[in-house]
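Q: You'll find protein-v3.csv just under this line, and it carries CSV, C-alpha atoms.
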chain,number,residue,atom,x,y,z
A,1109,GLY,CA,158.2,238.2,118.8
A,1110,ASP,CA,157.9,234.5,118.3
A,1111,SER,CA,160.1,233.0,115.6
A,1112,VAL,CA,161.4,229.7,114.1
A,1113,THR,CA,164.7,229.2,112.5
A,1114,GLN,CA,165.3,226.1,110.3
A,1115,MET,CA,168.5,224.9,108.7
A,1116,GLU,CA,168.9,226.2,105.1
A,1117,GLY,CA,168.3,223.9,102.3
A,1118,PRO,CA,168.2,222.3,99.9
A,1119,VAL,CA,169.3,219.0,101.4
A,1120,THR,CA,170.1,216.1,99.0
A,1121,LEU,CA,170.5,212.6,100.3
A,1122,SER,CA,170.8,209.1,98.9
A,1123,GLU,CA,168.1,206.6,99.7
A,1124,GLU,CA,168.5,204.9,103.2
A,1125,ALA,CA,170.7,207.8,104.4
A,1126,PHE,CA,170.1,209.4,107.9
A,1127,LEU,CA,168.2,212.7,107.9
A,1128,THR,CA,168.4,215.6,110.4
A,1129,ILE,CA,166.8,218.9,109.8
A,1130,ASN,CA,167.6,221.4,112.6
A,1131,CYS,CA,164.9,223.7,114.0
A,1132,THR,CA,165.2,226.2,116.9
A,1133,TYR,CA,162.6,228.6,118.2
A,1134,THR,CA,162.1,231.8,120.2
A,1135,ALA,CA,158.9,232.1,122.0
A,1136,THR,CA,157.3,233.6,125.1
A,1137,GLY,CA,156.0,230.8,127.3
A,1138,TYR,CA,155.7,227.2,126.2
A,1139,PRO,CA,154.5,226.8,122.7
A,1140,SER,CA,153.4,223.6,121.0
A,1141,LEU,CA,155.7,222.6,118.2
A,1142,PHE,CA,154.9,221.0,114.8
A,1143,TRP,CA,156.5,219.7,111.7
A,1144,TYR,CA,154.5,220.1,108.5
A,1145,VAL,CA,155.4,218.6,105.1
A,1146,GLN,CA,154.5,219.8,101.6
A,1147,TYR,CA,154.9,217.2,98.8
A,1148,PRO,CA,155.2,218.6,95.3
A,1149,GLY,CA,151.9,220.0,94.1
A,1150,GLU,CA,150.1,219.4,97.4
A,1151,GLY,CA,149.1,221.4,100.4
A,1152,LEU,CA,150.7,221.4,103.9
A,1153,GLN,CA,150.2,218.2,105.9
A,1154,LEU,CA,150.9,217.7,109.6
A,1155,LEU,CA,153.8,215.3,110.0
A,1156,LEU,CA,154.1,215.3,113.8
A,1157,LYS,CA,153.7,217.4,116.9
A,1158,ALA,CA,154.8,217.8,120.5
A,1159,THR,CA,153.0,219.9,123.1
A,1160,LYS,CA,155.3,220.0,126.1
A,1161,ALA,CA,159.0,219.7,127.0
A,1162,ASP,CA,160.6,216.2,126.5
A,1163,ASP,CA,157.6,215.1,124.4
A,1164,LYS,CA,158.6,213.1,121.3
A,1165,GLY,CA,156.4,213.3,118.2
A,1166,SER,CA,156.7,210.5,115.7
A,1167,ASN,CA,155.0,209.5,112.4
A,1168,LYS,CA,156.1,207.6,109.3
A,1169,GLY,CA,159.5,206.9,110.7
A,1170,PHE,CA,160.2,210.6,111.5
A,1171,GLU,CA,160.8,211.8,115.0
A,1172,ALA,CA,161.4,215.1,116.8
A,1173,THR,CA,161.8,215.8,120.5
A,1174,TYR,CA,160.8,219.0,122.2
A,1175,ARG,CA,163.9,220.3,124.0
A,1176,LYS,CA,163.1,223.2,126.2
A,1177,GLU,CA,166.7,223.7,127.4
A,1178,THR,CA,168.0,224.2,123.9
A,1179,THR,CA,164.7,225.6,122.4
A,1180,SER,CA,165.0,223.0,119.6
A,1181,PHE,CA,162.8,220.5,117.8
A,1182,HIS,CA,165.1,218.8,115.3
A,1183,LEU,CA,163.5,216.4,112.8
A,1184,GLU,CA,165.2,213.0,112.2
A,1185,LYS,CA,164.6,209.9,110.2
A,1186,GLY,CA,166.9,206.9,110.2
A,1187,SER,CA,166.5,205.8,106.6
A,1188,VAL,CA,165.0,208.1,104.0
A,1189,GLN,CA,163.1,207.0,100.9
A,1190,VAL,CA,162.6,208.7,97.5
A,1191,SER,CA,159.0,209.3,98.5
A,1192,ASP,CA,160.2,211.5,101.4
A,1193,SER,CA,161.3,214.2,98.9
A,1194,ALA,CA,159.3,217.3,99.9
A,1195,VAL,CA,159.6,220.6,101.7
A,1196,TYR,CA,159.6,220.4,105.5
A,1197,PHE,CA,158.4,223.3,107.7
A,1198,CYS,CA,159.0,223.6,111.5
A,1199,ALA,CA,156.3,225.7,113.2
A,1200,LEU,CA,155.2,226.8,116.7
A,1201,SER,CA,151.8,227.6,118.0
A,1202,ALA,CA,151.8,231.1,119.5
A,1203,ARG,CA,149.5,231.0,122.5
A,1204,ARG,CA,149.3,234.8,123.1
A,1205,GLY,CA,146.0,236.3,122.1
A,1206,GLY,CA,144.2,233.0,122.0
A,1207,SER,CA,144.4,232.4,118.3
A,1208,GLU,CA,147.0,229.6,118.5
A,1209,LYS,CA,148.2,230.9,115.1
A,1210,LEU,CA,151.2,229.1,113.6
A,1211,VAL,CA,154.6,230.7,113.2
A,1212,PHE,CA,156.6,228.9,110.5
A,1213,GLY,CA,160.2,228.6,109.6
A,1214,LYS,CA,161.3,229.2,106.0
A,1215,GLY,CA,161.2,225.5,105.1
A,1216,THR,CA,163.8,223.0,104.1
A,1217,LYS,CA,163.6,221.3,100.7
A,1218,LEU,CA,164.7,217.6,100.8
A,1219,THR,CA,165.5,215.6,97.7
A,1220,VAL,CA,166.2,211.9,98.1
A,1221,ASN,CA,167.9,210.2,95.1
A,1222,PRO,CA,167.6,206.4,94.4
B,68,ASP,CA,136.2,214.4,106.5
B,69,THR,CA,136.4,216.0,103.1
B,70,GLY,CA,139.2,218.3,104.0
B,71,VAL,CA,139.7,222.0,103.6
B,72,SER,CA,138.6,223.3,100.2
B,73,GLN,CA,139.9,226.4,98.5
B,74,ASN,CA,138.7,228.1,95.3
B,75,PRO,CA,140.0,229.0,92.9
B,76,ARG,CA,143.2,227.1,92.8
B,77,HIS,CA,144.9,229.8,90.6
B,78,LYS,CA,143.9,233.4,89.9
B,79,ILE,CA,145.6,235.6,87.4
B,80,THR,CA,144.6,239.2,87.3
B,81,LYS,CA,145.8,242.7,86.3
B,82,ARG,CA,147.2,245.1,88.8
B,83,GLY,CA,144.5,247.3,90.3
B,84,GLN,CA,141.7,244.7,90.0
B,85,ASN,CA,139.8,243.2,93.0
B,86,VAL,CA,140.0,239.5,93.7
B,87,THR,CA,138.1,237.2,96.1
B,88,PHE,CA,139.1,233.8,97.4
B,89,ARG,CA,136.9,231.3,99.1
B,90,CYS,CA,137.7,228.7,101.8
B,91,ASP,CA,135.4,225.9,103.0
B,92,PRO,CA,136.8,224.5,106.2
B,93,ILE,CA,136.2,221.0,107.6
B,94,SER,CA,132.5,221.2,108.7
B,95,GLU,CA,132.9,220.7,112.4
B,96,HIS,CA,135.8,223.1,112.8
B,97,ASN,CA,135.0,226.4,114.5
B,98,ARG,CA,138.4,228.0,114.0
B,99,LEU,CA,139.7,229.2,110.7
B,100,TYR,CA,142.9,230.9,109.6
B,101,TRP,CA,144.3,232.6,106.6
B,102,TYR,CA,148.0,232.6,105.8
B,103,ARG,CA,150.1,233.9,102.9
B,104,GLN,CA,153.1,232.1,101.5
B,105,THR,CA,155.6,233.6,99.1
B,106,LEU,CA,158.3,231.7,97.2
B,107,GLY,CA,161.0,230.2,99.3
B,108,GLN,CA,159.3,231.3,102.6
B,109,GLY,CA,157.1,229.7,105.2
B,110,PRO,CA,153.4,230.7,105.5
B,111,GLU,CA,152.7,233.9,107.4
B,112,PHE,CA,149.6,234.5,109.5
B,113,LEU,CA,147.1,236.9,108.1
B,114,THR,CA,143.9,236.5,110.2
B,115,TYR,CA,141.9,234.3,112.5
B,116,PHE,CA,138.2,233.5,113.0
B,117,GLN,CA,136.5,231.8,115.8
B,118,ASN,CA,133.1,230.9,114.4
B,119,GLU,CA,131.9,234.1,112.7
B,120,ALA,CA,134.0,236.5,114.8
B,121,GLN,CA,137.3,237.8,113.4
B,122,LEU,CA,139.4,237.8,116.5
B,123,GLU,CA,142.9,238.6,115.2
B,124,LYS,CA,144.5,240.3,112.3
B,125,SER,CA,148.1,240.6,111.4
B,126,ARG,CA,149.8,243.9,110.6
B,127,LEU,CA,150.5,242.3,107.2
B,128,LEU,CA,146.8,242.7,106.5
B,129,SER,CA,146.6,246.2,105.0
B,130,ASP,CA,143.3,248.0,104.6
B,131,ARG,CA,143.1,246.6,101.0
B,132,PHE,CA,142.5,243.2,102.5
B,133,SER,CA,139.2,242.1,104.1
B,134,ALA,CA,138.1,238.8,105.3
B,135,GLU,CA,134.7,237.5,106.4
B,136,ARG,CA,133.2,234.3,107.7
B,137,PRO,CA,129.4,234.7,107.7
B,138,LYS,CA,127.5,232.3,109.8
B,139,GLY,CA,130.8,230.7,110.9
B,140,SER,CA,131.0,228.4,107.9
B,141,PHE,CA,132.9,229.3,104.7
B,142,SER,CA,135.2,232.3,104.6
B,143,THR,CA,136.2,234.8,101.9
B,144,LEU,CA,139.4,236.8,101.6
B,145,GLU,CA,139.1,239.9,99.3
B,146,ILE,CA,142.0,242.0,98.1
B,147,GLN,CA,141.1,245.3,96.6
B,148,ARG,CA,143.3,247.3,94.1
B,149,THR,CA,145.8,244.4,93.8
B,150,GLU,CA,149.5,245.2,93.7
B,151,GLN,CA,152.5,243.2,92.3
B,152,GLY,CA,153.5,242.5,95.9
B,153,ASP,CA,150.2,240.6,96.5
B,154,SER,CA,151.4,237.8,94.3
B,155,ALA,CA,151.6,234.8,96.6
B,156,MET,CA,149.9,231.5,97.6
B,157,TYR,CA,147.0,232.2,100.0
B,158,LEU,CA,146.4,229.3,102.4
B,159,CYS,CA,143.4,228.6,104.5
B,160,ALA,CA,143.5,226.3,107.6
B,161,SER,CA,140.9,225.1,110.1
B,162,THR,CA,140.8,223.3,113.4
B,163,GLY,CA,138.4,222.5,116.2
B,164,GLY,CA,138.6,221.8,119.9
B,165,GLN,CA,140.6,223.8,122.4
B,166,GLY,CA,144.2,224.8,122.6
B,167,ALA,CA,147.0,224.0,120.1
B,168,GLN,CA,145.2,221.5,117.9
B,169,PRO,CA,146.8,220.7,114.6
B,170,GLN,CA,145.6,222.9,111.7
B,171,HIS,CA,144.4,221.3,108.5
B,172,PHE,CA,145.4,223.2,105.4
B,173,GLY,CA,143.7,223.5,102.0
B,174,ASP,CA,145.8,223.3,98.8
B,175,GLY,CA,145.8,227.1,98.6
B,176,THR,CA,144.9,229.7,95.9
B,177,ARG,CA,147.9,231.0,93.9
B,178,LEU,CA,147.5,234.7,93.0
B,179,SER,CA,149.5,236.0,90.1
B,180,ILE,CA,149.4,239.8,89.4
B,181,LEU,CA,150.2,240.8,85.8
Just give me the structure as structure tokens.
A:
Amino acid sequence: GDSVTQMEGPVTLSEEAFLTINCTYTATGYPSLFWYVQYPGEGLQLLLKATKADDKGSNKGFEATYRKETTSFHLEKGSVQVSDSAVYFCALSARRGGSEKLVFGKGTKLTVNP
Amino acid sequence: DTGVSQNPRHKITKRGQNVTFRCDPISEHNRLYWYRQTLGQGPEFLTYFQNEAQLEKSRLLSDRFSAERPKGSFSTLEIQRTEQGDSAMYLCASTGGQGAQPQHFGDGTRLSIL
């Protein structure tokens, strides 16, 4: 079945460091890909998305490119801030059956220190 | 856009009791999803509604679980004869339009089984 694999956390960085969180997927067909973020005490929020190969999603300084050849959707940010501390989830939208349900990775906890 | 609302935020109950959670989606959204999230894991799909019709159920959804969405508005998720393994965060999400639209999540209901 469809699945998402994320790099294991936790990840701890200093402010202004470069961030990469790896995400690879297995899916039938061509899923849409998403990054969701969960700040402490809050619900899941969409961070960015890409719907087809070579699309780049971007938001709040974060970027991810849909790479069909490597089945990857790695999340990057050039300079992280303390306020970026959160849990990040990579997800794909499974198109079979029509529900477009989301299949999530396990999440990567990011802590940014001042 | 008042967001997806879930009630209660936290439910504590004894093993064997029945519990019911409510989700109020964003008003114009016709698609509604329930997910379950356990500690250290990503959310897992439980069930999907399009308007009032329940179109997909996960194998995770045992016969002790039932979900409804009367009139295609709010939804309820009931768990009968709760077990220790039911302890989790139950998330509701909604979306509208066609295809792989981003899902908007509520803050979830945390279920604790004593």
Q: Could you tell me which of B:Ala120, B:Leu127, B:Ala167, B:Ile180 comes closest to Ala155 (chain B) if we count only C-alpha atoms?
A: B:Ile180
Q: Which one of A:Glu1123, A:Glu1116, A:Glu1171, A:Glu1184 sits closest to chain B if you count all atoms listed in the file?
A: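 The shortest atom-to-atom distance to chain B comes from A:Glu1116.
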Q: With distances taken over all atoms listed in the file, which residue among A:Lys1168, A:Arg1175, A:Lys1157, A:His1182 lies nearest chain B?
A: A:Lys1157
Q: Give the residues of chain B that lie within 8 Å of chain A; count all atoms listed in the file, and format the answer as number ranges by chain.
A: B: 100, 107-112, 115, 122-123, 166-167, 169-175
Q: Rounded to one decimal in Å, what is the spacing between CA of Thr1136 (chain A) and CA of Gly1109 (chain A)?
A: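 The value is 7.9 Å.
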Q: Pick out the closest residue to Asp153 (chain B) from this set: B:Ser140, B:Arg126, B:Cys90, B:Thr80. Count all atoms listed in the file.
A: B:Thr80
Q: To one decimal place in Å, what is the distance between CA of Cys1131 (chain A) and CA of Thr176 (chain B)?
A: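 Spanning CA of Cys1131 (chain A) to CA of Thr176 (chain B) is a straight-line distance of 27.6 Å.
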Q: So how far away is CA of Thr1178 (chain A) from CA of Val1145 (chain A), in Å?
A: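 Going from CA of Val1145 (chain A) over to CA of Thr1178 (chain A), I get 23.3 Å.
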Q: Excluding Leu144 (chain B) and any residue of its chain fewer than 4 positions from it, enumerate the residues within 10 Å of it, using all atoms listed in the file, and give them as a PyMOL selection string.
A: chain B and resi 86-90+101+114+132-136+157+159
Q: Of the candidates B:Ser72, B:Thr149, B:Ser129, B:Gln121, which shows the shortest atom-to-atom distance to Asn85 (chain B), using only C-alpha atoms?
A: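 Once distances to Asn85 (chain B) are computed over only C-alpha atoms, the minimum belongs to B:Thr149.
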Q: Pick the closest to Phe1126 (chain A) from A:Val1188, A:Gly1165, A:Thr1179, A:Asp1110: which is it, counting only C-alpha atoms?
A: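 Ranking A:Val1188, A:Gly1165, A:Thr1179, A:Asp1110 by distance to Phe1126 (chain A), first place goes to A:Val1188.
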Q: Fewer than 2 positions away in the same chain doesn't count, so skip those; otherwise give me all residues within 9 Å of Lys1176 (chain A), counting all atoms listed in the file, as a list in words.
A: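 The residues satisfying every condition are Tyr1138, Lys1160, Ala1161, Asp1162, Tyr1174, Thr1178, Thr1179, Ser1180 and Phe1181 of chain A.
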